[in-house]
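S.K.: What follows is the file start33.txt, containing compact mmCIF, C-alpha atoms and all ligand atoms:
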# COMPACT_ATOMS: atom_id res chain seq x y z
CA MET Y 1 103.16 26.96 -48.20
CA GLY Y 2 99.88 27.97 -46.52
CA LEU Y 3 96.43 28.09 -48.00
CA THR Y 4 95.45 30.14 -51.01
CA ILE Y 5 92.24 31.98 -50.16
CA ALA Y 6 90.14 33.45 -52.99
CA LEU Y 7 88.12 36.50 -52.02
CA ASN Y 8 85.26 38.30 -53.71
CA ARG Y 9 86.34 41.90 -54.25
CA GLY Y 10 83.99 44.69 -53.17
CA ARG Y 11 81.61 44.60 -50.24
CA ILE Y 12 82.23 40.97 -49.33
CA LEU Y 13 85.99 41.59 -49.22
CA GLU Y 14 85.54 44.53 -46.87
CA GLN Y 15 83.49 42.42 -44.48
CA CYS Y 16 85.88 39.46 -44.79
CA LEU Y 17 89.04 41.33 -43.88
CA PRO Y 18 88.19 41.98 -40.20
CA LEU Y 19 87.10 38.35 -39.80
CA LEU Y 20 90.31 37.09 -41.37
CA GLU Y 21 92.31 39.49 -39.23
CA ALA Y 22 90.64 38.12 -36.09
CA ALA Y 23 91.77 34.69 -37.31
CA GLY Y 24 95.35 36.02 -37.57
CA ILE Y 25 95.31 36.47 -41.33
CA ARG Y 26 96.25 39.98 -42.36
CA PRO Y 27 97.43 41.10 -45.82
CA VAL Y 28 100.88 42.74 -45.80
CA GLU Y 29 99.50 45.66 -47.80
CA ASP Y 30 96.23 47.57 -47.79
CA THR Y 31 94.13 45.69 -50.37
CA GLY Y 32 92.09 48.83 -51.03
CA ALA Y 33 95.11 50.96 -51.84
CA SER Y 34 96.78 48.59 -54.26
CA ARG Y 35 96.07 47.34 -57.77
CA LYS Y 36 97.66 44.03 -56.82
CA LEU Y 37 95.58 40.88 -56.94
CA VAL Y 38 97.74 38.58 -54.81
CA PHE Y 39 98.60 39.48 -51.22
CA LYS Y 40 100.95 37.73 -48.86
CA THR Y 41 99.89 37.75 -45.22
CA ILE Y 42 101.71 38.93 -42.10
CA GLU Y 43 102.94 36.17 -39.79
CA GLY Y 44 101.26 33.63 -41.95
CA GLU Y 45 101.97 31.52 -44.94
CA HIS Y 46 98.53 31.99 -46.42
CA GLN Y 47 98.00 34.15 -49.46
CA LEU Y 48 94.90 36.09 -50.40
CA VAL Y 49 93.84 36.39 -54.03
CA ILE Y 50 91.20 38.94 -54.95
CA MET Y 51 88.84 38.52 -57.88
CA ARG Y 52 85.30 38.94 -59.14
CA GLY Y 53 82.81 36.96 -57.11
CA SER Y 54 81.74 34.83 -60.05
CA ASP Y 55 85.34 33.63 -60.51
CA VAL Y 56 85.74 32.47 -56.89
CA PRO Y 57 83.98 29.09 -57.39
CA THR Y 58 86.00 28.50 -60.56
CA TYR Y 59 89.35 29.02 -58.82
CA VAL Y 60 88.31 26.82 -55.91
CA ALA Y 61 86.72 24.08 -58.06
CA TYR Y 62 89.91 23.73 -60.11
CA GLY Y 63 92.14 23.85 -57.02
CA ALA Y 64 93.91 27.07 -58.02
CA ALA Y 65 92.68 28.29 -54.60
CA ASP Y 66 92.12 25.99 -51.61
CA VAL Y 67 89.40 28.09 -50.05
CA GLY Y 68 87.09 30.84 -51.28
CA ILE Y 69 84.57 33.27 -49.89
CA THR Y 70 81.72 34.56 -52.00
CA GLY Y 71 77.95 35.03 -51.98
CA LYS Y 72 75.50 32.14 -52.08
CA ASP Y 73 73.97 33.76 -55.20
CA THR Y 74 77.26 33.18 -57.02
CA LEU Y 75 77.39 29.56 -55.86
CA LEU Y 76 73.80 28.91 -56.94
CA GLU Y 77 74.49 30.44 -60.33
CA TYR Y 78 77.75 28.52 -60.85
CA ARG Y 79 77.55 25.65 -63.34
CA GLY Y 80 81.17 24.49 -63.40
CA GLY Y 81 80.57 21.13 -61.75
CA ALA Y 82 81.06 20.02 -58.18
CA GLY Y 83 84.65 20.71 -57.23
CA PHE Y 84 84.11 22.22 -53.82
CA TYR Y 85 82.26 21.86 -50.54
CA GLU Y 86 80.32 24.69 -48.94
CA ARG Y 87 81.56 24.60 -45.35
CA LEU Y 88 80.54 27.79 -43.55
CA ASP Y 89 77.81 30.42 -43.63
CA LEU Y 90 79.57 33.64 -42.65
CA GLY Y 91 76.25 35.31 -41.95
CA PHE Y 92 76.97 38.68 -43.52
CA GLY Y 93 75.82 39.99 -46.89
CA ARG Y 94 72.33 38.77 -46.15
CA CYS Y 95 69.74 39.45 -48.85
CA ARG Y 96 67.30 37.52 -51.03
CA ILE Y 97 67.00 36.63 -54.67
CA MET Y 98 63.45 37.52 -55.61
CA SER Y 99 61.21 37.92 -58.58
CA ALA Y 100 59.71 41.39 -58.94
CA ALA Y 101 57.44 43.22 -61.35
CA PRO Y 102 55.78 46.62 -61.81
CA VAL Y 103 53.28 47.23 -58.99
CA GLY Y 104 49.97 45.53 -59.81
CA ALA Y 105 51.23 43.93 -63.04
CA GLU Y 106 49.38 40.83 -64.22
CA LEU Y 107 51.88 38.24 -65.32
CA HIS Y 108 49.84 35.91 -67.50
CA GLN Y 109 51.99 36.21 -70.62
CA THR Y 110 53.49 33.05 -72.09
CA PRO Y 111 56.34 33.00 -72.31
CA LEU Y 112 56.90 35.43 -69.48
CA ARG Y 113 59.87 37.69 -70.26
CA VAL Y 114 62.26 37.64 -67.30
CA ALA Y 115 65.30 39.94 -67.14
CA THR Y 116 68.12 38.86 -64.85
CA LYS Y 117 71.82 38.33 -64.46
CA PHE Y 118 71.02 35.08 -62.60
CA VAL Y 119 70.11 33.10 -65.69
CA ASN Y 120 70.61 29.63 -64.21
CA ILE Y 121 68.84 30.41 -60.95
CA ALA Y 122 65.90 31.94 -62.82
CA GLU Y 123 65.65 29.08 -65.33
CA GLU Y 124 65.68 26.51 -62.55
CA TYR Y 125 63.14 28.40 -60.51
CA TYR Y 126 60.59 28.86 -63.30
CA ALA Y 127 61.10 25.28 -64.48
CA SER Y 128 60.29 24.12 -60.94
CA GLN Y 129 57.11 26.21 -61.15
CA GLY Y 130 56.25 24.72 -64.54
CA ARG Y 131 56.26 28.20 -66.01
CA HIS Y 132 57.36 28.82 -69.60
CA VAL Y 133 59.69 31.82 -69.60
CA SER Y 134 62.03 33.64 -71.90
CA ILE Y 135 65.14 34.70 -69.98
CA ILE Y 136 66.82 37.95 -70.98
CA LYS Y 137 70.36 38.18 -69.64
CA LEU Y 138 71.47 41.57 -68.35
CA ALA Y 139 74.66 42.64 -66.57
CA GLY Y 140 73.04 45.00 -64.05
CA ALA Y 141 70.26 47.50 -63.32
CA MET Y 142 67.64 44.81 -63.86
CA GLU Y 143 64.97 47.19 -62.50
CA LEU Y 144 65.18 49.13 -65.74
CA ALA Y 145 64.01 46.25 -67.93
CA PRO Y 146 60.26 46.29 -67.07
CA LEU Y 147 60.23 50.09 -67.20
CA MET Y 148 61.53 50.02 -70.76
CA ASN Y 149 59.25 47.10 -71.72
CA LEU Y 150 62.24 44.87 -72.32
CA ALA Y 151 60.83 42.35 -69.82
CA ASP Y 152 57.66 41.63 -67.84
CA CYS Y 153 59.48 40.95 -64.58
CA ILE Y 154 62.95 40.54 -63.12
CA VAL Y 155 64.88 38.17 -60.88
CA ASP Y 156 67.35 40.11 -58.75
CA ILE Y 157 68.95 40.65 -55.37
CA VAL Y 158 66.68 42.45 -52.90
CA ASP Y 159 68.05 43.83 -49.65
CA THR Y 160 66.06 46.78 -48.29
CA GLY Y 161 63.67 46.80 -51.25
CA ASN Y 162 64.43 50.48 -51.84
CA THR Y 163 65.66 50.00 -55.40
CA LEU Y 164 62.47 48.17 -56.39
CA LYS Y 165 60.30 50.81 -54.75
CA ALA Y 166 62.18 53.70 -56.35
CA ASN Y 167 61.45 52.18 -59.74
CA GLY Y 168 57.78 51.35 -59.23
CA LEU Y 169 58.36 47.62 -58.80
CA GLU Y 170 57.14 45.26 -56.08
CA PRO Y 171 58.74 42.07 -54.79
CA LEU Y 172 56.89 38.85 -55.63
CA GLU Y 173 58.42 35.49 -54.64
CA THR Y 174 61.58 34.74 -52.66
CA ILE Y 175 63.71 32.36 -54.71
CA ALA Y 176 66.72 32.02 -52.38
CA HIS Y 177 68.15 33.37 -49.14
CA ILE Y 178 71.68 34.67 -49.66
CA SER Y 179 74.72 35.32 -47.45
CA ALA Y 180 78.49 34.99 -47.77
CA ARG Y 181 79.74 31.38 -47.73
CA LEU Y 182 83.12 29.73 -47.38
CA ILE Y 183 83.87 26.99 -49.88
CA VAL Y 184 86.74 24.47 -49.89
CA ASN Y 185 88.29 22.62 -52.82
CA HIS Y 186 87.52 18.87 -52.65
CA ALA Y 187 91.16 17.78 -52.71
CA SER Y 188 92.30 20.50 -50.25
CA MET Y 189 89.64 19.33 -47.81
CA LYS Y 190 91.47 15.99 -47.68
CA THR Y 191 95.14 16.86 -48.20
CA ARG Y 192 95.14 20.04 -46.09
CA PHE Y 193 92.45 19.08 -43.64
CA ASP Y 194 94.13 20.47 -40.51
CA GLU Y 195 94.87 23.91 -41.96
CA VAL Y 196 91.42 24.19 -43.55
CA GLN Y 197 89.63 23.06 -40.41
CA LEU Y 198 91.66 25.48 -38.26
CA LEU Y 199 90.70 28.35 -40.56
CA ILE Y 200 87.02 27.36 -40.46
CA ASP Y 201 87.06 27.06 -36.65
CA GLN Y 202 88.79 30.43 -36.22
CA LEU Y 203 86.38 32.17 -38.57
CA ARG Y 204 83.39 30.55 -36.90
CA GLN Y 205 84.55 31.74 -33.46
CA ASN Y 206 84.58 35.33 -34.64
CA LEU Y 207 81.29 35.41 -36.49
CA PRO Y 208 78.82 38.01 -35.29
CA GLU Y 209 75.63 36.44 -33.99
CA ASN Y 210 73.81 35.69 -37.22
CA GLY Y 211 75.52 38.44 -39.23
C1 LIG Y 301 71.81 45.13 -55.86
C2 LIG Y 301 70.60 44.66 -56.65
C3 LIG Y 301 69.62 45.78 -56.50
C4 LIG Y 301 69.98 46.37 -55.15
C5 LIG Y 301 69.00 45.90 -54.13
O1 LIG Y 301 72.60 45.88 -56.68
O2 LIG Y 301 70.93 44.38 -58.00
O3 LIG Y 301 69.77 46.72 -57.53
O4 LIG Y 301 71.28 45.90 -54.79
O5 LIG Y 301 69.22 46.51 -52.88
P1 LIG Y 301 68.01 47.20 -52.10
O6 LIG Y 301 66.91 46.18 -52.02
O7 LIG Y 301 68.60 47.48 -50.72
O8 LIG Y 301 67.63 48.44 -52.81
P2 LIG Y 301 74.08 46.29 -56.24
O9 LIG Y 301 74.07 47.61 -55.59
O10 LIG Y 301 74.69 45.18 -55.45
O11 LIG Y 301 74.81 46.43 -57.63
P3 LIG Y 301 74.84 45.47 -58.89
O12 LIG Y 301 73.95 46.14 -59.87
O13 LIG Y 301 76.27 45.49 -59.28
O14 LIG Y 301 74.38 44.11 -58.48
Spell out the structure here as structure tokens.
Ligand code: PRP
M.R.:
Amino acid sequence: MGLTIALNRGRILEQCLPLLEAAGIRPVEDTGASRKLVFKTIEGEHQLVIMRGSDVPTYVAYGAADVGITGKDTLLEYRGGAGFYERLDLGFGRCRIMSAAPVGAELHQTPLRVATKFVNIAEEYYASQGRHVSIIKLAGAMELAPLMNLADCIVDIVDTGNTLKANGLEPLETIAHISARLIVNHASMKTRFDEVQLLIDQLRQNLPENG
């Protein structure tokens, strides 16, 4: 039995597949054309399991997957305890987690109302700043919250900054730099060291210069 590799469906998956293929790991079926969630691989004993990004650390922490690939934002937000090591920065999916607010807004309110889906990251950040905030958890489209006066500011992913701009918001502070990371279950790192290390080495060899 090879390794079980948990992958974040969506954009990260699309960028992972060519890298995995270069490492000799290719799903037997087109992952995009199937509703399946588990894929055997050609010429390999590894299996790929595809899930929501936020579930990747859970599967790896509990050992249901040996290895996982997901965004650093997901790892920072995860609060399931330390069951995995972060072993490789894959360099793609680069963006930042930032605070943002309507252009020119004065943010003196206490508590400051912060809309985000990154509740833990935001709480930790504002605590480190000594700022009293009220976190409002949203599932998406955080940019809407200040426009509708649901929140004073947001904490969200910023890539090009176009979404902020299109909604009259401006970026404020960078809270974290994000990219796709490979994580390894603690026990697998010991019991399957050779296979895991080979995978890491092969992926590393094929990484584009700095994503
Ligand atoms: C993310 C994020 C912003 C946008 C930022 O959303 O939440 O809305 O991308 O990108 P930009 O700075 O290049 O405009 P995404 O499209 O990933 O969808 P999501 O709402 O599911 O997170």
S.K.: Measure the distance from CA of Leu169 (chain Y) to atom C1 of ligand LIG 301 (chain Y) in Å and round it to one decimal.
M.R.: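 Going from CA of Leu169 (chain Y) over to atom C1 of ligand LIG 301 (chain Y) covers 14.0 Å.
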S.K.: Compare Y:Arg113, Y:His186, Y:His108, Y:Lys165 by their minimum atom-to-atom distance to Asp66 (chain Y), counting only C-alpha atoms, and give me the closest one.
M.R.: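 For Asp66 (chain Y), the nearest of the given residues is Y:His186.
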S.K.: Counting all atoms listed in the file, which protein, DNA or RNA residues come within 6 Å of ligand LIG 301 (chain Y), given as a CSV table (one decimal) with C-alpha atoms, keeping the file's coordinate frame?
M.R.:
chain,number,residue,atom,x,y,z
Y,140,GLY,CA,73.0,45.0,-64.0
Y,141,ALA,CA,70.3,47.5,-63.3
Y,156,ASP,CA,67.4,40.1,-58.8
Y,157,ILE,CA,69.0,40.6,-55.4
Y,158,VAL,CA,66.7,42.4,-52.9
Y,159,ASP,CA,68.0,43.8,-49.6
Y,160,THR,CA,66.1,46.8,-48.3
Y,161,GLY,CA,63.7,46.8,-51.2
Y,162,ASN,CA,64.4,50.5,-51.8
Y,163,THR,CA,65.7,50.0,-55.4
S.K.: Write out as a ChimeraX atom specification the residues lying within 10 Å of Ala61 (chain Y), counting only C-alpha atoms and excluding same-chain residues fewer than 4 positions away.
M.R.: /Y:55-57,65-68,80-85,183-187
S.K.: Find the residues of region 34-60 of chain Y that sit at most 10 Å from region 16-24 of chain Y; for each, write down the nearest two atoms and how far apart they are in Å, to one decimal. Count only C-alpha atoms. Sort by chain, then by number going up, and give it as a tab-separated table.
M.R.:
residue	atom	partner	partner_atom	distance
Y:Thr41	CA	Y:Gly24	CA	9.1
Y:Ile42	CA	Y:Gly24	CA	8.3
Y:Glu43	CA	Y:Gly24	CA	7.9
Y:Gly44	CA	Y:Gly24	CA	7.7
S.K.: What gap, in Å, lies between CA of Gln47 (chain Y) and CA of Leu76 (chain Y)?
M.R.: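 It comes out at 25.9 Å.
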S.K.: So which one's closest to Gly2 (chain Y), Y:Arg192, Y:Arg94, Y:His132, Y:Arg204? Using only C-alpha atoms, please.
M.R.: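 Nearest candidate to Gly2 (chain Y) out of Y:Arg192, Y:Arg94, Y:His132, Y:Arg204: Y:Arg192.
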S.K.: So how far away is CA of Phe92 (chain Y) from CA of Arg181 (chain Y), in Å?
M.R.: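 Those two atoms sit 8.9 Å apart.
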S.K.: Considering all atoms listed in the file, can you say which of Y:Gly168, Y:Gly53, Y:Gly71, Y:Gly104 comes closest to Gly91 (chain Y)?
M.R.: Y:Gly71
S.K.: In file coordinates, which residues lie within 10 Å of (65.8, 36.3, -47.5) using all atoms listed in the file, given as a PDB file with C-alpha atoms, in the frame of the given file?
M.R.:
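See part-v8.pdb below for the written result:
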ATOM      1  CA  ARG Y  94      72.330  38.770 -46.150  1.00  0.00           C
ATOM      2  CA  CYS Y  95      69.740  39.450 -48.850  1.00  0.00           C
ATOM      3  CA  ARG Y  96      67.300  37.520 -51.030  1.00  0.00           C
ATOM      4  CA  ILE Y  97      67.000  36.630 -54.670  1.00  0.00           C
ATOM      5  CA  MET Y  98      63.450  37.520 -55.610  1.00  0.00           C
ATOM      6  CA  ILE Y 157      68.950  40.650 -55.370  1.00  0.00           C
ATOM      7  CA  VAL Y 158      66.680  42.450 -52.900  1.00  0.00           C
ATOM      8  CA  ASP Y 159      68.050  43.830 -49.650  1.00  0.00           C
ATOM      9  CA  THR Y 174      61.580  34.740 -52.660  1.00  0.00           C
ATOM     10  CA  ILE Y 175      63.710  32.360 -54.710  1.00  0.00           C
ATOM     11  CA  ALA Y 176      66.720  32.020 -52.380  1.00  0.00           C
ATOM     12  CA  HIS Y 177      68.150  33.370 -49.140  1.00  0.00           C
ATOM     13  CA  ILE Y 178      71.680  34.670 -49.660  1.00  0.00           C
ATOM     14  CA  SER Y 179      74.720  35.320 -47.450  1.00  0.00           C
TER      15      SER Y 179
END
S.K.: Taking only C-alpha atoms into account, which of Y:Phe193, Y:Phe39, Y:Phe118, Y:Tyr78 comes nearest Val155 (chain Y)?
M.R.: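 Under the stated criterion, the closest residue is Y:Phe118.
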S.K.: Give me the residues near Arg52 (chain Y) as a ChimeraX atom specification, where near means some atom within 10 Å (using all atoms listed in the file) and where sequence neighbours in that chain fewer than 5 positions away do not count.
M.R.: /Y:6-10,70
